[in-house]
Amino acid sequence: MVPVRKEFVNNMFSVEGKVALVTGATGALGKVMAKAYGYAGAKVVMTGRNDKKLAALEEEFKAEGIECCYVVADPSDEEAVKALIAAAVEKYGEINILAIAHGFNKPQNILEQSVADWQYIIDADMKSVYVVLKYVAEQMVKQLNGAENVPSGQGGKIVVVTSQRSKRGMAGYTGYCASKGGADMMIASMACDLSAKYGININAICPTVFRSELTEWMFDVESEVYKNFMKREPIGRLAEPEDFVGYTLFLSSDASNFITGAACDCSGGYLVC
């Protein structure tokens with residue numbers, strides 16, 4: 001029996017010195033994830049589609065002593081993603097952590113939703129995730145220099161934000177639920193491809209509603225929407241982006257080396273009621 005090592009316990013949550021690539025970095029959750037990596041000592045590559053917002057984030061992060069850069073890229077564009085990865089590797093030499101936090105939704109009843117609108121959601125929330133995962137995984141494998149049967153987690157860590165809507169249907173969410181459910185299954189399948197042979201752990205975190213510019217209206221405690229949510233939230237409140245920092249760092253560090261292919265509940269107990 002191998003005893004627990006003090007060095008491992010003292011450092012198991014560390015991501016210091018790692019290179020973390022974060023998509024959707026200008027969003028409420030992507031920004032928090034990126035900053036958490038930076039505070040924890042990682043070098044952060046932020047990406048999204050809005051140059052102005054990314055530049056402002058870089059300035060903000062650097063003012064706090066975070067080593068970072070940004071690259072404008074559309075995650076659904078294969079060539080843009082390849083260029084993003086090349087830029088990150090040119091800047092920092094490698095990619096050790098990937099956090100995917102981009103996404104899109106346009107709620108509509110299926111009788112009103114066009115096939116084109118449904119397809120756009122699927123492409124934004126599943127196909128683009130596949131594109132980024134594929135090419136970052138290729139880069140992580142390339143960094144192994146031909147090594148196989150790599151120890152768990154040593155080839156890289158990947159964290160993908162999906163949703164509790166991957167587990168439950170909802171009116172008006174035909175495209176979103178399908179895309180998030182598909183993303184969870186894609187992540188499970190990728191773990192089968194990548195974890196044992198290449199030491200790359202990949203997991204999803206599945207939040208329910210968290211505060212952002214788009215969801216602020218749901219946080220009115222007097223509204224019927226909020227009251228209905230509280231019937232299904234044992235924790236007694238909706239989430240803040242900071243609530244997911246612990247999961248983010250855990251799934252990006254050695255502490256989670258025996259976890260892969262998981263869709264991790266971080267919903268305040270939403271599924272138990």
# chains A, B, ... in the order shown; residues from 1 in each chain; ligands from 1
>>> select_by_dssp(residues="region 156-264 of chain A", states="helix (DSSP H, G or I)", output="count of residues only")
54
>>> residues_around(residues="Gln164 (chain A)", least_positions_apart="3", cutoff="7 Å", atoms="only C-alpha atoms", output="list in words")
Lys167, Arg168, Cys206, Pro207 and Thr208 of chain A
>>> residues_around(residues="Ala204 (chain A)", least_positions_apart="2", cutoff="12 Å", atoms="only C-alpha atoms", output="PyMOL selection string")
chain A and resi 98-101+129+157-164+166+180-188+190-191+201-202+206-207+244+247-248+251-252+259-266
>>> residues_around(residues="Tyr135 (chain A)", least_positions_apart="4", cutoff="7 Å", atoms="only C-alpha atoms", output="list in words")
Lys82, Val131 and Gln139 of chain A
>>> write_last_selection(atoms="N, CA, C and O atoms", output="PDB file, in the first residue's frame")
ATOM      1  N   LYS A  82      -6.851  26.864 -34.709  1.00  0.00           N
ATOM      2  CA  LYS A  82      -5.462  26.453 -34.934  1.00  0.00           C
ATOM      3  C   LYS A  82      -4.507  27.625 -34.715  1.00  0.00           C
ATOM      4  O   LYS A  82      -3.437  27.467 -34.106  1.00  0.00           O
ATOM      5  N   VAL A 131     -14.501  21.414 -31.752  1.00  0.00           N
ATOM      6  CA  VAL A 131     -13.376  21.958 -32.516  1.00  0.00           C
ATOM      7  C   VAL A 131     -12.230  22.351 -31.573  1.00  0.00           C
ATOM      8  O   VAL A 131     -11.062  21.992 -31.789  1.00  0.00           O
ATOM      9  N   GLN A 139      -2.574  19.257 -29.485  1.00  0.00           N
ATOM     10  CA  GLN A 139      -1.402  19.971 -28.984  1.00  0.00           C
ATOM     11  C   GLN A 139      -0.866  19.317 -27.710  1.00  0.00           C
ATOM     12  O   GLN A 139       0.345  19.149 -27.544  1.00  0.00           O
TER      13      GLN A 139
END
>>> atom_distance(atom1="CA of Asp254 (chain A)", atom2="CA of Gly153 (chain A)")
6.7 Å
>>> closest_residue(among="A:Leu29, A:Ala73, A:Val209, A:Ala42", to="Ser14 (chain A)", atoms="only C-alpha atoms")
A:Ala42
>>> residues_around(residues="Asn228 (chain A)", least_positions_apart="6", cutoff="12 Å", atoms="only C-alpha atoms", output="mmCIF file with N, CA and C atoms, in the first residue's frame")
data_model
loop_
_atom_site.group_PDB
_atom_site.id
_atom_site.type_symbol
_atom_site.label_atom_id
_atom_site.label_comp_id
_atom_site.auth_asym_id
_atom_site.auth_seq_id
_atom_site.Cartn_x
_atom_site.Cartn_y
_atom_site.Cartn_z
ATOM 1 N N MET A 218 -33.184 37.427 -13.201
ATOM 2 C CA MET A 218 -33.675 36.269 -12.470
ATOM 3 C C MET A 218 -33.390 36.351 -10.980
ATOM 4 N N PHE A 219 -32.563 37.297 -10.565
ATOM 5 C CA PHE A 219 -32.148 37.392 -9.169
ATOM 6 C C PHE A 219 -33.057 38.294 -8.329
ATOM 7 N N ASP A 220 -34.143 38.751 -8.883
ATOM 8 C CA ASP A 220 -35.145 39.510 -8.137
ATOM 9 C C ASP A 220 -35.897 38.548 -7.226
ATOM 10 N N VAL A 221 -35.643 38.649 -5.916
ATOM 11 C CA VAL A 221 -36.188 37.671 -4.972
ATOM 12 C C VAL A 221 -37.705 37.726 -4.874
ATOM 13 N N GLU A 222 -38.313 38.795 -5.386
ATOM 14 C CA GLU A 222 -39.767 38.909 -5.357
ATOM 15 C C GLU A 222 -40.427 38.344 -6.609
ATOM 16 N N GLY A 236 -30.617 27.309 -1.274
ATOM 17 C CA GLY A 236 -31.349 28.512 -0.883
ATOM 18 C C GLY A 236 -31.010 29.785 -1.628
ATOM 19 N N ARG A 237 -30.265 29.678 -2.714
ATOM 20 C CA ARG A 237 -29.938 30.869 -3.504
ATOM 21 C C ARG A 237 -29.504 30.446 -4.892
ATOM 22 N N LEU A 238 -29.439 31.410 -5.796
ATOM 23 C CA LEU A 238 -28.837 31.168 -7.100
ATOM 24 C C LEU A 238 -27.327 31.395 -7.019
ATOM 25 N N TYR A 270 -29.771 21.260 -7.188
ATOM 26 C CA TYR A 270 -30.932 21.387 -8.078
ATOM 27 C C TYR A 270 -31.540 20.043 -8.470
#
>>> residues_around(residues="region 105-110 of chain A", least_positions_apart="6", cutoff="10 Å", atoms="only C-alpha atoms", output="PyMOL selection string")
chain A and resi 117-118+120-122+124-125+170-177+179
>>> write_last_selection(atoms="all heavy atoms", output="tab-separated table (two decimals), in the first residue's frame")
chain	number	residue	atom	x	y	z
A	117	ASP	N	-32.09	28.43	-36.55
A	117	ASP	CA	-31.82	28.88	-35.18
A	117	ASP	C	-31.39	27.71	-34.30
A	117	ASP	O	-30.46	27.84	-33.49
A	117	ASP	CB	-33.06	29.55	-34.58
A	117	ASP	CG	-33.24	30.97	-35.06
A	117	ASP	OD1	-32.29	31.54	-35.64
A	117	ASP	OD2	-34.34	31.53	-34.87
A	118	TRP	N	-32.07	26.57	-34.45
A	118	TRP	CA	-31.69	25.37	-33.69
A	118	TRP	C	-30.27	24.96	-34.03
A	118	TRP	O	-29.47	24.67	-33.14
A	118	TRP	CB	-32.68	24.24	-34.00
A	118	TRP	CG	-32.41	22.97	-33.26
A	118	TRP	CD1	-32.87	22.62	-32.02
A	118	TRP	CD2	-31.61	21.87	-33.70
A	118	TRP	NE1	-32.42	21.37	-31.67
A	118	TRP	CE2	-31.64	20.88	-32.69
A	118	TRP	CE3	-30.88	21.60	-34.86
A	118	TRP	CZ2	-30.96	19.67	-32.79
A	118	TRP	CZ3	-30.20	20.40	-34.97
A	118	TRP	CH2	-30.25	19.44	-33.94
A	120	TYR	N	-27.85	26.77	-35.15
A	120	TYR	CA	-26.88	27.75	-34.65
A	120	TYR	C	-26.52	27.44	-33.20
A	120	TYR	O	-25.36	27.51	-32.80
A	120	TYR	CB	-27.44	29.17	-34.78
A	120	TYR	CG	-26.41	30.23	-34.48
A	120	TYR	CD1	-25.63	30.77	-35.50
A	120	TYR	CD2	-26.18	30.68	-33.18
A	120	TYR	CE1	-24.66	31.74	-35.23
A	120	TYR	CE2	-25.22	31.64	-32.89
A	120	TYR	CZ	-24.46	32.16	-33.92
A	120	TYR	OH	-23.51	33.11	-33.65
A	121	ILE	N	-27.54	27.09	-32.39
A	121	ILE	CA	-27.29	26.75	-30.99
A	121	ILE	C	-26.43	25.50	-30.90
A	121	ILE	O	-25.47	25.45	-30.11
A	121	ILE	CB	-28.62	26.56	-30.24
A	121	ILE	CG1	-29.41	27.87	-30.18
A	121	ILE	CG2	-28.37	26.05	-28.82
A	121	ILE	CD1	-30.84	27.70	-29.72
A	122	ILE	N	-26.76	24.49	-31.69
A	122	ILE	CA	-25.99	23.25	-31.69
A	122	ILE	C	-24.54	23.52	-32.08
A	122	ILE	O	-23.59	23.02	-31.46
A	122	ILE	CB	-26.60	22.22	-32.65
A	122	ILE	CG1	-28.01	21.81	-32.19
A	122	ILE	CG2	-25.69	21.00	-32.79
A	122	ILE	CD1	-28.06	21.09	-30.87
A	124	ALA	N	-22.90	26.40	-31.84
A	124	ALA	CA	-22.24	27.25	-30.85
A	124	ALA	C	-21.89	26.50	-29.58
A	124	ALA	O	-20.84	26.76	-28.96
A	124	ALA	CB	-23.14	28.45	-30.52
A	125	ASP	N	-22.75	25.58	-29.16
A	125	ASP	CA	-22.59	24.94	-27.85
A	125	ASP	C	-22.02	23.53	-27.91
A	125	ASP	O	-21.63	22.99	-26.87
A	125	ASP	CB	-23.93	24.90	-27.11
A	125	ASP	CG	-24.40	26.28	-26.70
A	125	ASP	OD1	-23.58	27.21	-26.69
A	125	ASP	OD2	-25.60	26.44	-26.39
A	170	MET	N	-36.50	21.42	-20.78
A	170	MET	CA	-37.12	22.68	-20.37
A	170	MET	C	-37.82	23.30	-21.58
A	170	MET	O	-37.31	23.26	-22.70
A	170	MET	CB	-36.07	23.65	-19.83
A	170	MET	CG	-36.63	24.93	-19.28
A	170	MET	SD	-35.31	25.94	-18.51
A	170	MET	CE	-36.27	27.35	-17.98
A	171	ALA	N	-38.98	23.86	-21.35
A	171	ALA	CA	-39.72	24.50	-22.43
A	171	ALA	C	-38.87	25.59	-23.07
A	171	ALA	O	-38.26	26.41	-22.39
A	171	ALA	CB	-41.02	25.10	-21.90
A	172	GLY	N	-38.83	25.59	-24.39
A	172	GLY	CA	-38.08	26.60	-25.12
A	172	GLY	C	-36.60	26.33	-25.25
A	172	GLY	O	-35.87	27.11	-25.85
A	173	TYR	N	-36.14	25.20	-24.69
A	173	TYR	CA	-34.71	24.91	-24.65
A	173	TYR	C	-34.34	23.68	-25.49
A	173	TYR	O	-33.37	22.99	-25.21
A	173	TYR	CB	-34.27	24.67	-23.20
A	173	TYR	CG	-33.90	25.93	-22.45
A	173	TYR	CD1	-34.75	27.04	-22.46
A	173	TYR	CD2	-32.74	26.03	-21.72
A	173	TYR	CE1	-34.45	28.19	-21.76
A	173	TYR	CE2	-32.41	27.18	-21.02
A	173	TYR	CZ	-33.26	28.26	-21.05
A	173	TYR	OH	-32.95	29.39	-20.37
A	174	THR	N	-35.10	23.41	-26.54
A	174	THR	CA	-34.84	22.22	-27.35
A	174	THR	C	-33.41	22.18	-27.87
A	174	THR	O	-32.74	21.15	-27.80
A	174	THR	CB	-35.82	22.16	-28.53
A	174	THR	OG1	-37.15	22.20	-28.03
A	174	THR	CG2	-35.62	20.89	-29.33
A	175	GLY	N	-32.93	23.30	-28.40
A	175	GLY	CA	-31.57	23.35	-28.91
A	175	GLY	C	-30.54	23.31	-27.80
A	175	GLY	O	-29.55	22.56	-27.87
A	176	TYR	N	-30.76	24.09	-26.75
A	176	TYR	CA	-29.78	24.21	-25.67
A	176	TYR	C	-29.61	22.89	-24.91
A	176	TYR	O	-28.49	22.44	-24.67
A	176	TYR	CB	-30.22	25.32	-24.72
A	176	TYR	CG	-29.17	25.74	-23.72
A	176	TYR	CD1	-28.12	26.56	-24.10
A	176	TYR	CD2	-29.24	25.35	-22.38
A	176	TYR	CE1	-27.15	26.96	-23.18
A	176	TYR	CE2	-28.29	25.75	-21.46
A	176	TYR	CZ	-27.25	26.55	-21.87
A	176	TYR	OH	-26.29	26.95	-20.96
A	177	CYS	N	-30.74	22.26	-24.54
A	177	CYS	CA	-30.65	20.99	-23.82
A	177	CYS	C	-29.96	19.93	-24.66
A	177	CYS	O	-29.14	19.15	-24.16
A	177	CYS	CB	-32.04	20.52	-23.41
A	177	CYS	SG	-32.82	21.52	-22.13
A	179	SER	N	-27.77	20.41	-27.08
A	179	SER	CA	-26.35	20.72	-27.25
A	179	SER	C	-25.56	20.43	-25.98
A	179	SER	O	-24.44	19.88	-26.04
A	179	SER	CB	-26.17	22.19	-27.65
A	179	SER	OG	-26.54	23.07	-26.61
>>> select_by_dssp(residues="region 2-228 of chain A", states="strand (DSSP E)", output="PyMOL selection string")
chain A and resi 19-23+43-48+68-72+97-100+156-161+200-207
>>> write_last_selection(atoms="C-alpha atoms", output="PDB file, in the first residue's frame")
ATOM      1  CA  VAL A  19      -0.406  27.490 -19.037  1.00  0.00           C
ATOM      2  CA  ALA A  20      -4.200  27.783 -19.028  1.00  0.00           C
ATOM      3  CA  LEU A  21      -6.248  28.603 -22.135  1.00  0.00           C
ATOM      4  CA  VAL A  22      -9.740  29.962 -21.404  1.00  0.00           C
ATOM      5  CA  THR A  23     -12.431  30.373 -24.059  1.00  0.00           C
ATOM      6  CA  LYS A  43      -0.075  31.833 -17.173  1.00  0.00           C
ATOM      7  CA  VAL A  44      -3.409  32.660 -18.768  1.00  0.00           C
ATOM      8  CA  VAL A  45      -4.321  32.846 -22.450  1.00  0.00           C
ATOM      9  CA  MET A  46      -7.753  34.422 -22.862  1.00  0.00           C
ATOM     10  CA  THR A  47      -9.811  34.143 -26.006  1.00  0.00           C
ATOM     11  CA  GLY A  48     -13.144  35.303 -27.355  1.00  0.00           C
ATOM     12  CA  CYS A  68      -1.492  36.728 -19.381  1.00  0.00           C
ATOM     13  CA  CYS A  69      -2.231  37.488 -23.008  1.00  0.00           C
ATOM     14  CA  TYR A  70      -5.243  37.341 -25.302  1.00  0.00           C
ATOM     15  CA  VAL A  71      -6.007  36.111 -28.800  1.00  0.00           C
ATOM     16  CA  VAL A  72      -9.186  36.990 -30.683  1.00  0.00           C
ATOM     17  CA  ILE A  97      -5.008  23.407 -19.034  1.00  0.00           C
ATOM     18  CA  LEU A  98      -8.033  24.170 -21.190  1.00  0.00           C
ATOM     19  CA  ALA A  99     -11.191  25.712 -19.779  1.00  0.00           C
ATOM     20  CA  ILE A 100     -14.124  26.082 -22.162  1.00  0.00           C
ATOM     21  CA  GLY A 156      -3.186  17.905 -19.432  1.00  0.00           C
ATOM     22  CA  LYS A 157      -6.431  18.935 -17.783  1.00  0.00           C
ATOM     23  CA  ILE A 158      -9.596  20.030 -19.601  1.00  0.00           C
ATOM     24  CA  VAL A 159     -12.659  21.589 -17.949  1.00  0.00           C
ATOM     25  CA  VAL A 160     -15.797  22.281 -19.990  1.00  0.00           C
ATOM     26  CA  VAL A 161     -18.754  24.313 -18.712  1.00  0.00           C
ATOM     27  CA  ILE A 200      -5.327  13.893 -20.374  1.00  0.00           C
ATOM     28  CA  ASN A 201      -8.233  14.268 -17.952  1.00  0.00           C
ATOM     29  CA  ILE A 202     -11.390  15.898 -19.303  1.00  0.00           C
ATOM     30  CA  ASN A 203     -14.480  16.744 -17.257  1.00  0.00           C
ATOM     31  CA  ALA A 204     -17.577  18.919 -17.417  1.00  0.00           C
ATOM     32  CA  ILE A 205     -19.011  21.140 -14.733  1.00  0.00           C
ATOM     33  CA  CYS A 206     -22.789  21.481 -14.862  1.00  0.00           C
ATOM     34  CA  PRO A 207     -24.083  24.662 -13.215  1.00  0.00           C
TER      35      PRO A 207
END
>>> atom_distance(atom1="CA of Glu16 (chain A)", atom2="CA of Tyr39 (chain A)")
9.1 Å
>>> closest_residue(among="A:Val150, A:Met33, A:Val141, A:Val136", to="Leu84 (chain A)", atoms="only C-alpha atoms")
A:Val136
>>> atom_distance(atom1="CA of Gly199 (chain A)", atom2="CA of Asn11 (chain A)")
18.8 Å
>>> closest_residue(among="A:Gly17, A:Pro75, A:Gly246, A:Pro241", to="Gly38 (chain A)", atoms="only C-alpha atoms")
A:Gly17
